[in-house]
Amino acid sequence: MRKKLSVRDWPESERPAVRAMEKGIEALSDAEILSLILKKCTYEQTEVGVALELLNKAGGLRQLFDLRDLPDSQQVVLQAVREVGRRVLKQGMIGQNFVRSPQAVTDYLTASLRDLKREVFKVIFLDKALKILGEKDMFFGTVDEAAVHPREVVREALFQNASSLVLVHNHPSGKVEPSREDYEITQKIKSACQTVSIRILDHIIVGENQYFSFSERSQL
């Protein structure tokens, strides 16, 4: 009978923990992420003591993910936990009607963008029935004409066979009031999408436990 290889028998470059450190937790599959978490599941008092020490140091669960002076092994596990939560919320959002299930969308966007230290411009793709086909991080950095290219948004929308889009980005400052650049890029993307009959349903800015909706404020 052929012996099953454990993770320890894998080449070092293929081990989930090593790949997570080199390429980021997003590069791991669901199974690889879960393996990292399960590997650390123990009820030994020493582990509970470490957990309590970390929570006290961070000031709470959410702040725990922002700690940077931790051993690599602990950093990887914390990133895995966060990524599992993000993926669960994403799976709950895909296929939902955007208009009928706004909470599923808001929960996912808040979890995936709220604590980021740089701006990320994301696009949600919808079909004719307003069901969510998927989403993609399109651009990184300050949201302005130099960073966000309307033609790239149109190209991806056509590739996804989307009929409508929801534009999303975060403000690391936590404040959600749109900037002049936010208004300008919204109109540029809207104009570009109109040439191929794709609608912009909303542009959502995510901040600290709050969001700004261009549609709700009649700014589209």
# chains A, B, ... in the order shown; residues from 1 in each chain; ligands from 1
call {"tool": "residues_around", "arguments": {"residues": "range 134-141 of chain A", "least_positions_apart": "3", "cutoff": "7 Å", "atoms": "only C-alpha atoms", "output": "list in words"}}
result
Ile94, Arg118, Glu119, Val120, Phe121, Lys122, Val123, Ile124, Phe125, Ala147 and Val148 of chain A
call {"tool": "residues_around", "arguments": {"residues": "range 155-162 of chain A", "least_positions_apart": "6", "cutoff": "8 Å", "atoms": "only C-alpha atoms", "output": "list in words"}}
result
Phe125, Leu126, Asp127, Lys128, Leu133 and Ile198 of chain A
call {"tool": "residues_around", "arguments": {"residues": "Asp107 in chain A", "least_positions_apart": "6", "cutoff": "12 Å", "atoms": "only C-alpha atoms", "output": "MDAnalysis selection string"}}
result
chainID A and resid 85:93 101 113:114 206 209:211
call {"tool": "write_last_selection", "arguments": {"atoms": "C-alpha atoms", "output": "CSV table (one decimal), in the first residue's frame"}}
result
chain,number,residue,atom,x,y,z
A,85,GLY,CA,-14.0,34.7,6.8
A,86,ARG,CA,-13.6,36.8,3.6
A,87,ARG,CA,-14.2,33.8,1.3
A,88,VAL,CA,-17.2,32.6,3.3
A,89,LEU,CA,-18.8,36.1,2.9
A,90,LYS,CA,-17.9,36.1,-0.8
A,91,GLN,CA,-19.5,32.8,-1.4
A,92,GLY,CA,-22.6,34.0,0.3
A,93,MET,CA,-22.7,37.1,-2.0
A,101,SER,CA,-29.7,41.3,-0.8
A,113,LEU,CA,-11.8,46.4,2.5
A,114,ARG,CA,-12.4,48.1,5.8
A,206,VAL,CA,-16.1,51.7,2.3
A,209,ASN,CA,-18.0,50.7,9.9
A,210,GLN,CA,-19.7,52.9,7.4
A,211,TYR,CA,-20.1,53.4,3.7
call {"tool": "residues_around", "arguments": {"residues": "Ser218 in chain A", "least_positions_apart": "5", "cutoff": "12 Å", "atoms": "only C-alpha atoms", "output": "PDB file with C-alpha atoms, in the first residue's frame"}}
result
ATOM      1  CA  LEU A 201     -25.604  50.674 -10.596  1.00  0.00           C
ATOM      2  CA  ASP A 202     -23.590  52.209  -7.800  1.00  0.00           C
ATOM      3  CA  HIS A 203     -20.216  53.342  -6.562  1.00  0.00           C
ATOM      4  CA  PHE A 212     -21.099  55.967   1.093  1.00  0.00           C
ATOM      5  CA  SER A 213     -23.383  54.974  -1.779  1.00  0.00           C
TER       6      SER A 213
END
call {"tool": "atom_distance", "arguments": {"atom1": "CA of Ser173 in chain A", "atom2": "CA of Thr110 in chain A"}}
result
14.0 Å
call {"tool": "residues_around", "arguments": {"residues": "Leu116 in chain A", "least_positions_apart": "4", "cutoff": "9 Å", "atoms": "only C-alpha atoms", "output": "NGL selection string"}}
result
:A and (112 or 120 or 170-172)
call {"tool": "write_last_selection", "arguments": {"atoms": "C-alpha atoms", "output": "mmCIF file, in the first residue's frame"}}
result
data_model
loop_
_atom_site.group_PDB
_atom_site.id
_atom_site.type_symbol
_atom_site.label_atom_id
_atom_site.label_comp_id
_atom_site.auth_asym_id
_atom_site.auth_seq_id
_atom_site.Cartn_x
_atom_site.Cartn_y
_atom_site.Cartn_z
ATOM 1 C CA SER A 112 -12.606 42.651 2.639
ATOM 2 C CA VAL A 120 -8.236 49.148 -3.572
ATOM 3 C CA ASN A 170 -12.072 51.892 0.304
ATOM 4 C CA HIS A 171 -10.766 54.918 2.165
ATOM 5 C CA PRO A 172 -8.025 53.794 4.586
#
call {"tool": "closest_residue", "arguments": {"among": "A:Glu53, A:Ile33, A:Ala20, A:Ser179", "to": "Asp72 in chain A", "atoms": "only C-alpha atoms"}}
result
A:Ala20
call {"tool": "select_by_dssp", "arguments": {"residues": "range 58-127 of chain A", "states": "strand (DSSP E or B)", "output": "list in words"}}
result
Asn97, Val120, Phe121, Lys122, Val123, Ile124, Phe125 and Leu126 of chain A
call {"tool": "atom_distance", "arguments": {"atom1": "CA of Glu152 in chain A", "atom2": "CA of Phe214 in chain A"}}
result
21.2 Å
call {"tool": "atom_distance", "arguments": {"atom1": "CA of Ala17 in chain A", "atom2": "CA of Leu67 in chain A"}}
result
18.1 Å
call {"tool": "residues_around", "arguments": {"residues": "range 183-186 of chain A", "least_positions_apart": "4", "cutoff": "12 Å", "atoms": "only C-alpha atoms", "output": "PDB file with N, CA and C atoms, in the first residue's frame"}}
result
ATOM      1  N   PHE A 121      -9.452  49.450  -5.636  1.00  0.00           N
ATOM      2  CA  PHE A 121     -10.630  49.708  -6.469  1.00  0.00           C
ATOM      3  C   PHE A 121     -11.137  48.365  -6.980  1.00  0.00           C
ATOM      4  N   VAL A 123     -14.439  45.946  -8.616  1.00  0.00           N
ATOM      5  CA  VAL A 123     -15.637  45.994  -9.447  1.00  0.00           C
ATOM      6  C   VAL A 123     -16.444  44.714  -9.224  1.00  0.00           C
ATOM      7  N   THR A 142      -4.227  55.427  -4.931  1.00  0.00           N
ATOM      8  CA  THR A 142      -5.181  56.524  -4.938  1.00  0.00           C
ATOM      9  C   THR A 142      -6.097  56.430  -6.152  1.00  0.00           C
ATOM     10  N   VAL A 143      -7.399  56.592  -5.906  1.00  0.00           N
ATOM     11  CA  VAL A 143      -8.374  56.493  -6.987  1.00  0.00           C
ATOM     12  C   VAL A 143      -8.388  57.806  -7.765  1.00  0.00           C
ATOM     13  N   ASP A 144      -7.684  57.833  -8.882  1.00  0.00           N
ATOM     14  CA  ASP A 144      -7.718  58.990  -9.774  1.00  0.00           C
ATOM     15  C   ASP A 144      -7.519  58.494 -11.199  1.00  0.00           C
ATOM     16  N   GLU A 145      -7.465  59.407 -12.130  1.00  0.00           N
ATOM     17  CA  GLU A 145      -7.394  59.013 -13.535  1.00  0.00           C
ATOM     18  C   GLU A 145      -6.112  58.253 -13.855  1.00  0.00           C
ATOM     19  N   ALA A 146      -5.036  58.547 -13.130  1.00  0.00           N
ATOM     20  CA  ALA A 146      -3.766  57.886 -13.391  1.00  0.00           C
ATOM     21  C   ALA A 146      -3.778  56.433 -12.937  1.00  0.00           C
ATOM     22  N   ALA A 147      -4.557  56.139 -11.893  1.00  0.00           N
ATOM     23  CA  ALA A 147      -4.550  54.798 -11.320  1.00  0.00           C
ATOM     24  C   ALA A 147      -5.677  53.922 -11.852  1.00  0.00           C
ATOM     25  N   VAL A 148      -6.817  54.516 -12.160  1.00  0.00           N
ATOM     26  CA  VAL A 148      -7.993  53.767 -12.587  1.00  0.00           C
ATOM     27  C   VAL A 148      -8.260  54.052 -14.066  1.00  0.00           C
ATOM     28  N   HIS A 149      -8.241  52.996 -14.863  1.00  0.00           N
ATOM     29  CA  HIS A 149      -8.400  53.151 -16.307  1.00  0.00           C
ATOM     30  C   HIS A 149      -9.774  52.632 -16.734  1.00  0.00           C
ATOM     31  N   PRO A 150     -10.686  53.507 -17.144  1.00  0.00           N
ATOM     32  CA  PRO A 150     -12.031  53.083 -17.543  1.00  0.00           C
ATOM     33  C   PRO A 150     -12.039  51.983 -18.600  1.00  0.00           C
ATOM     34  N   ARG A 151     -11.111  52.024 -19.542  1.00  0.00           N
ATOM     35  CA  ARG A 151     -11.099  51.016 -20.607  1.00  0.00           C
ATOM     36  C   ARG A 151     -10.837  49.622 -20.051  1.00  0.00           C
ATOM     37  N   VAL A 153     -11.817  48.608 -17.075  1.00  0.00           N
ATOM     38  CA  VAL A 153     -13.079  48.203 -16.452  1.00  0.00           C
ATOM     39  C   VAL A 153     -14.027  47.667 -17.510  1.00  0.00           C
ATOM     40  N   LEU A 165     -22.584  46.966 -13.464  1.00  0.00           N
ATOM     41  CA  LEU A 165     -21.422  46.960 -12.573  1.00  0.00           C
ATOM     42  C   LEU A 165     -21.727  47.748 -11.309  1.00  0.00           C
ATOM     43  N   VAL A 166     -21.050  47.368 -10.239  1.00  0.00           N
ATOM     44  CA  VAL A 166     -21.000  48.171  -9.027  1.00  0.00           C
ATOM     45  C   VAL A 166     -19.533  48.467  -8.761  1.00  0.00           C
ATOM     46  N   LEU A 167     -19.189  49.736  -8.704  1.00  0.00           N
ATOM     47  CA  LEU A 167     -17.822  50.156  -8.421  1.00  0.00           C
ATOM     48  C   LEU A 167     -17.648  50.273  -6.917  1.00  0.00           C
ATOM     49  N   VAL A 168     -16.510  49.873  -6.430  1.00  0.00           N
ATOM     50  CA  VAL A 168     -16.264  49.899  -4.983  1.00  0.00           C
ATOM     51  C   VAL A 168     -14.815  50.287  -4.722  1.00  0.00           C
ATOM     52  N   HIS A 169     -14.583  51.131  -3.750  1.00  0.00           N
ATOM     53  CA  HIS A 169     -13.228  51.300  -3.244  1.00  0.00           C
ATOM     54  C   HIS A 169     -13.277  51.717  -1.782  1.00  0.00           C
ATOM     55  N   GLU A 177     -16.564  60.229   2.848  1.00  0.00           N
ATOM     56  CA  GLU A 177     -16.984  61.322   1.973  1.00  0.00           C
ATOM     57  C   GLU A 177     -16.168  61.291   0.676  1.00  0.00           C
ATOM     58  N   PRO A 178     -16.834  61.282  -0.500  1.00  0.00           N
ATOM     59  CA  PRO A 178     -16.107  61.190  -1.777  1.00  0.00           C
ATOM     60  C   PRO A 178     -15.225  62.409  -2.025  1.00  0.00           C
ATOM     61  N   SER A 179     -14.099  62.173  -2.656  1.00  0.00           N
ATOM     62  CA  SER A 179     -13.217  63.257  -3.075  1.00  0.00           C
ATOM     63  C   SER A 179     -13.628  63.719  -4.472  1.00  0.00           C
ATOM     64  N   LYS A 190     -18.579  55.571 -16.025  1.00  0.00           N
ATOM     65  CA  LYS A 190     -19.979  55.502 -16.452  1.00  0.00           C
ATOM     66  C   LYS A 190     -20.099  55.810 -17.943  1.00  0.00           C
ATOM     67  N   SER A 191     -19.414  56.841 -18.390  1.00  0.00           N
ATOM     68  CA  SER A 191     -19.454  57.220 -19.803  1.00  0.00           C
ATOM     69  C   SER A 191     -18.855  56.133 -20.686  1.00  0.00           C
ATOM     70  N   ALA A 192     -17.739  55.542 -20.241  1.00  0.00           N
ATOM     71  CA  ALA A 192     -17.089  54.484 -21.020  1.00  0.00           C
ATOM     72  C   ALA A 192     -17.988  53.253 -21.129  1.00  0.00           C
ATOM     73  N   CYS A 193     -18.671  52.923 -20.038  1.00  0.00           N
ATOM     74  CA  CYS A 193     -19.540  51.743 -20.037  1.00  0.00           C
ATOM     75  C   CYS A 193     -20.795  51.961 -20.878  1.00  0.00           C
ATOM     76  N   ARG A 199     -24.475  49.223 -17.549  1.00  0.00           N
ATOM     77  CA  ARG A 199     -24.909  50.214 -16.568  1.00  0.00           C
ATOM     78  C   ARG A 199     -24.017  50.193 -15.327  1.00  0.00           C
ATOM     79  N   ILE A 200     -23.841  51.350 -14.741  1.00  0.00           N
ATOM     80  CA  ILE A 200     -23.205  51.459 -13.427  1.00  0.00           C
ATOM     81  C   ILE A 200     -24.321  51.634 -12.407  1.00  0.00           C
ATOM     82  N   LEU A 201     -24.521  50.622 -11.572  1.00  0.00           N
ATOM     83  CA  LEU A 201     -25.604  50.674 -10.596  1.00  0.00           C
ATOM     84  C   LEU A 201     -25.251  51.506  -9.376  1.00  0.00           C
ATOM     85  N   ASP A 202     -23.983  51.495  -9.011  1.00  0.00           N
ATOM     86  CA  ASP A 202     -23.590  52.209  -7.800  1.00  0.00           C
ATOM     87  C   ASP A 202     -22.075  52.326  -7.747  1.00  0.00           C
ATOM     88  N   HIS A 203     -21.616  53.250  -6.945  1.00  0.00           N
ATOM     89  CA  HIS A 203     -20.216  53.342  -6.562  1.00  0.00           C
ATOM     90  C   HIS A 203     -20.220  53.458  -5.043  1.00  0.00           C
ATOM     91  N   ILE A 204     -19.631  52.476  -4.381  1.00  0.00           N
ATOM     92  CA  ILE A 204     -19.672  52.394  -2.922  1.00  0.00           C
ATOM     93  C   ILE A 204     -18.278  52.646  -2.365  1.00  0.00           C
ATOM     94  N   ILE A 205     -18.196  53.540  -1.398  1.00  0.00           N
ATOM     95  CA  ILE A 205     -16.939  53.810  -0.698  1.00  0.00           C
ATOM     96  C   ILE A 205     -17.038  53.220   0.704  1.00  0.00           C
ATOM     97  N   SER A 213     -22.830  55.491  -0.539  1.00  0.00           N
ATOM     98  CA  SER A 213     -23.383  54.974  -1.779  1.00  0.00           C
ATOM     99  C   SER A 213     -23.747  56.129  -2.697  1.00  0.00           C
ATOM    100  N   PHE A 214     -23.113  56.184  -3.876  1.00  0.00           N
ATOM    101  CA  PHE A 214     -23.447  57.221  -4.843  1.00  0.00           C
ATOM    102  C   PHE A 214     -24.908  57.133  -5.252  1.00  0.00           C
ATOM    103  N   SER A 215     -25.401  55.904  -5.383  1.00  0.00           N
ATOM    104  CA  SER A 215     -26.786  55.709  -5.801  1.00  0.00           C
ATOM    105  C   SER A 215     -27.761  56.207  -4.734  1.00  0.00           C
ATOM    106  N   GLN A 219     -26.057  60.491  -6.679  1.00  0.00           N
ATOM    107  CA  GLN A 219     -24.853  61.094  -7.241  1.00  0.00           C
ATOM    108  C   GLN A 219     -24.393  60.414  -8.536  1.00  0.00           C
ATOM    109  N   LEU A 220     -25.192  59.495  -9.056  1.00  0.00           N
ATOM    110  CA  LEU A 220     -24.810  58.822 -10.303  1.00  0.00           C
ATOM    111  C   LEU A 220     -25.420  59.540 -11.496  1.00  0.00           C
TER     112      LEU A 220
END
call {"tool": "decode", "arguments": {"residues": "range 81-122 of chain A", "atoms": "N, CA and C atoms", "output": "mmCIF file, in the first residue's frame"}}
result
data_model
loop_
_atom_site.group_PDB
_atom_site.id
_atom_site.type_symbol
_atom_site.label_atom_id
_atom_site.label_comp_id
_atom_site.auth_asym_id
_atom_site.auth_seq_id
_atom_site.Cartn_x
_atom_site.Cartn_y
_atom_site.Cartn_z
ATOM 1 N N VAL A 81 -7.104 32.759 8.975
ATOM 2 C CA VAL A 81 -8.412 32.938 9.602
ATOM 3 C C VAL A 81 -9.178 34.071 8.927
ATOM 4 N N ARG A 82 -8.502 35.192 8.697
ATOM 5 C CA ARG A 82 -9.152 36.334 8.039
ATOM 6 C C ARG A 82 -9.600 35.969 6.625
ATOM 7 N N GLU A 83 -8.755 35.228 5.910
ATOM 8 C CA GLU A 83 -9.079 34.878 4.530
ATOM 9 C C GLU A 83 -10.261 33.916 4.458
ATOM 10 N N VAL A 84 -10.366 32.998 5.412
ATOM 11 C CA VAL A 84 -11.518 32.093 5.448
ATOM 12 C C VAL A 84 -12.810 32.889 5.628
ATOM 13 N N GLY A 85 -12.796 33.847 6.552
ATOM 14 C CA GLY A 85 -13.973 34.682 6.761
ATOM 15 C C GLY A 85 -14.350 35.457 5.515
ATOM 16 N N ARG A 86 -13.347 36.004 4.838
ATOM 17 C CA ARG A 86 -13.606 36.772 3.621
ATOM 18 C C ARG A 86 -14.203 35.887 2.532
ATOM 19 N N ARG A 87 -13.670 34.677 2.385
ATOM 20 C CA ARG A 87 -14.158 33.787 1.336
ATOM 21 C C ARG A 87 -15.566 33.282 1.624
ATOM 22 N N VAL A 88 -15.874 33.045 2.897
ATOM 23 C CA VAL A 88 -17.234 32.624 3.258
ATOM 24 C C VAL A 88 -18.241 33.707 2.886
ATOM 25 N N LEU A 89 -17.912 34.954 3.199
ATOM 26 C CA LEU A 89 -18.804 36.060 2.866
ATOM 27 C C LEU A 89 -18.923 36.233 1.352
ATOM 28 N N LYS A 90 -17.825 36.035 0.636
ATOM 29 C CA LYS A 90 -17.862 36.147 -0.821
ATOM 30 C C LYS A 90 -18.762 35.083 -1.426
ATOM 31 N N GLN A 91 -18.653 33.840 -0.935
ATOM 32 C CA GLN A 91 -19.488 32.766 -1.448
ATOM 33 C C GLN A 91 -20.964 33.031 -1.174
ATOM 34 N N GLY A 92 -21.240 33.695 -0.047
ATOM 35 C CA GLY A 92 -22.622 34.039 0.275
ATOM 36 C C GLY A 92 -23.166 35.157 -0.590
ATOM 37 N N MET A 93 -22.273 35.943 -1.188
ATOM 38 C CA MET A 93 -22.678 37.069 -2.026
ATOM 39 C C MET A 93 -22.899 36.666 -3.482
ATOM 40 N N ILE A 94 -22.036 35.776 -4.002
ATOM 41 C CA ILE A 94 -22.124 35.378 -5.404
ATOM 42 C C ILE A 94 -23.477 34.715 -5.673
ATOM 43 N N GLY A 95 -24.140 35.165 -6.716
ATOM 44 C CA GLY A 95 -25.437 34.605 -7.089
ATOM 45 C C GLY A 95 -26.624 35.326 -6.480
ATOM 46 N N GLN A 96 -26.342 36.207 -5.521
ATOM 47 C CA GLN A 96 -27.416 36.969 -4.893
ATOM 48 C C GLN A 96 -27.853 38.110 -5.804
ATOM 49 N N ASN A 97 -29.111 38.500 -5.665
ATOM 50 C CA ASN A 97 -29.606 39.680 -6.361
ATOM 51 C C ASN A 97 -29.115 40.906 -5.617
ATOM 52 N N PHE A 98 -28.415 41.779 -6.332
ATOM 53 C CA PHE A 98 -27.791 42.933 -5.687
ATOM 54 C C PHE A 98 -28.802 43.832 -4.990
ATOM 55 N N VAL A 99 -29.951 44.019 -5.601
ATOM 56 C CA VAL A 99 -30.973 44.907 -5.039
ATOM 57 C C VAL A 99 -31.674 44.262 -3.855
ATOM 58 N N ARG A 100 -31.923 42.968 -3.945
ATOM 59 C CA ARG A 100 -32.683 42.265 -2.908
ATOM 60 C C ARG A 100 -31.831 41.824 -1.720
ATOM 61 N N SER A 101 -30.533 41.733 -1.900
ATOM 62 C CA SER A 101 -29.668 41.252 -0.817
ATOM 63 C C SER A 101 -28.528 42.227 -0.552
ATOM 64 N N PRO A 102 -28.848 43.464 -0.230
ATOM 65 C CA PRO A 102 -27.774 44.455 -0.025
ATOM 66 C C PRO A 102 -26.892 44.140 1.169
ATOM 67 N N GLN A 103 -27.443 43.444 2.183
ATOM 68 C CA GLN A 103 -26.653 43.164 3.380
ATOM 69 C C GLN A 103 -25.511 42.207 3.092
ATOM 70 N N ALA A 104 -25.760 41.208 2.231
ATOM 71 C CA ALA A 104 -24.700 40.255 1.873
ATOM 72 C C ALA A 104 -23.553 40.967 1.184
ATOM 73 N N VAL A 105 -23.887 41.926 0.338
ATOM 74 C CA VAL A 105 -22.862 42.691 -0.371
ATOM 75 C C VAL A 105 -22.098 43.590 0.599
ATOM 76 N N THR A 106 -22.840 44.289 1.457
ATOM 77 C CA THR A 106 -22.219 45.196 2.424
ATOM 78 C C THR A 106 -21.306 44.448 3.387
ATOM 79 N N ASP A 107 -21.744 43.291 3.859
ATOM 80 C CA ASP A 107 -20.934 42.497 4.791
ATOM 81 C C ASP A 107 -19.615 42.083 4.147
ATOM 82 N N TYR A 108 -19.690 41.643 2.897
ATOM 83 C CA TYR A 108 -18.471 41.209 2.212
ATOM 84 C C TYR A 108 -17.524 42.380 1.971
ATOM 85 N N LEU A 109 -18.071 43.486 1.491
ATOM 86 C CA LEU A 109 -17.227 44.638 1.195
ATOM 87 C C LEU A 109 -16.565 45.179 2.454
ATOM 88 N N THR A 110 -17.320 45.222 3.539
ATOM 89 C CA THR A 110 -16.760 45.713 4.798
ATOM 90 C C THR A 110 -15.628 44.813 5.271
ATOM 91 N N ALA A 111 -15.861 43.494 5.225
ATOM 92 C CA ALA A 111 -14.851 42.546 5.701
ATOM 93 C C ALA A 111 -13.599 42.561 4.841
ATOM 94 N N SER A 112 -13.752 42.755 3.539
ATOM 95 C CA SER A 112 -12.606 42.651 2.639
ATOM 96 C C SER A 112 -11.842 43.953 2.461
ATOM 97 N N LEU A 113 -12.466 45.099 2.769
ATOM 98 C CA LEU A 113 -11.832 46.375 2.476
ATOM 99 C C LEU A 113 -11.583 47.271 3.684
ATOM 100 N N ARG A 114 -12.355 47.102 4.728
ATOM 101 C CA ARG A 114 -12.350 48.071 5.830
ATOM 102 C C ARG A 114 -10.976 48.302 6.450
ATOM 103 N N ASP A 115 -10.199 47.266 6.650
ATOM 104 C CA ASP A 115 -8.943 47.392 7.394
ATOM 105 C C ASP A 115 -7.700 47.494 6.511
ATOM 106 N N LEU A 116 -7.885 47.627 5.205
ATOM 107 C CA LEU A 116 -6.727 47.725 4.318
ATOM 108 C C LEU A 116 -6.018 49.057 4.497
ATOM 109 N N LYS A 117 -4.701 49.042 4.337
ATOM 110 C CA LYS A 117 -3.885 50.244 4.536
ATOM 111 C C LYS A 117 -3.675 51.040 3.254
ATOM 112 N N ARG A 118 -4.116 50.510 2.132
ATOM 113 C CA ARG A 118 -4.038 51.246 0.870
ATOM 114 C C ARG A 118 -5.381 51.130 0.162
ATOM 115 N N GLU A 119 -5.613 52.037 -0.765
ATOM 116 C CA GLU A 119 -6.869 52.019 -1.493
ATOM 117 C C GLU A 119 -6.879 50.880 -2.523
ATOM 118 N N VAL A 120 -8.019 50.199 -2.583
ATOM 119 C CA VAL A 120 -8.236 49.148 -3.572
ATOM 120 C C VAL A 120 -9.522 49.468 -4.315
ATOM 121 N N PHE A 121 -9.452 49.450 -5.636
ATOM 122 C CA PHE A 121 -10.630 49.708 -6.469
ATOM 123 C C PHE A 121 -11.137 48.365 -6.980
ATOM 124 N N LYS A 122 -12.339 48.006 -6.565
ATOM 125 C CA LYS A 122 -12.937 46.710 -6.863
ATOM 126 C C LYS A 122 -14.151 46.919 -7.758
#
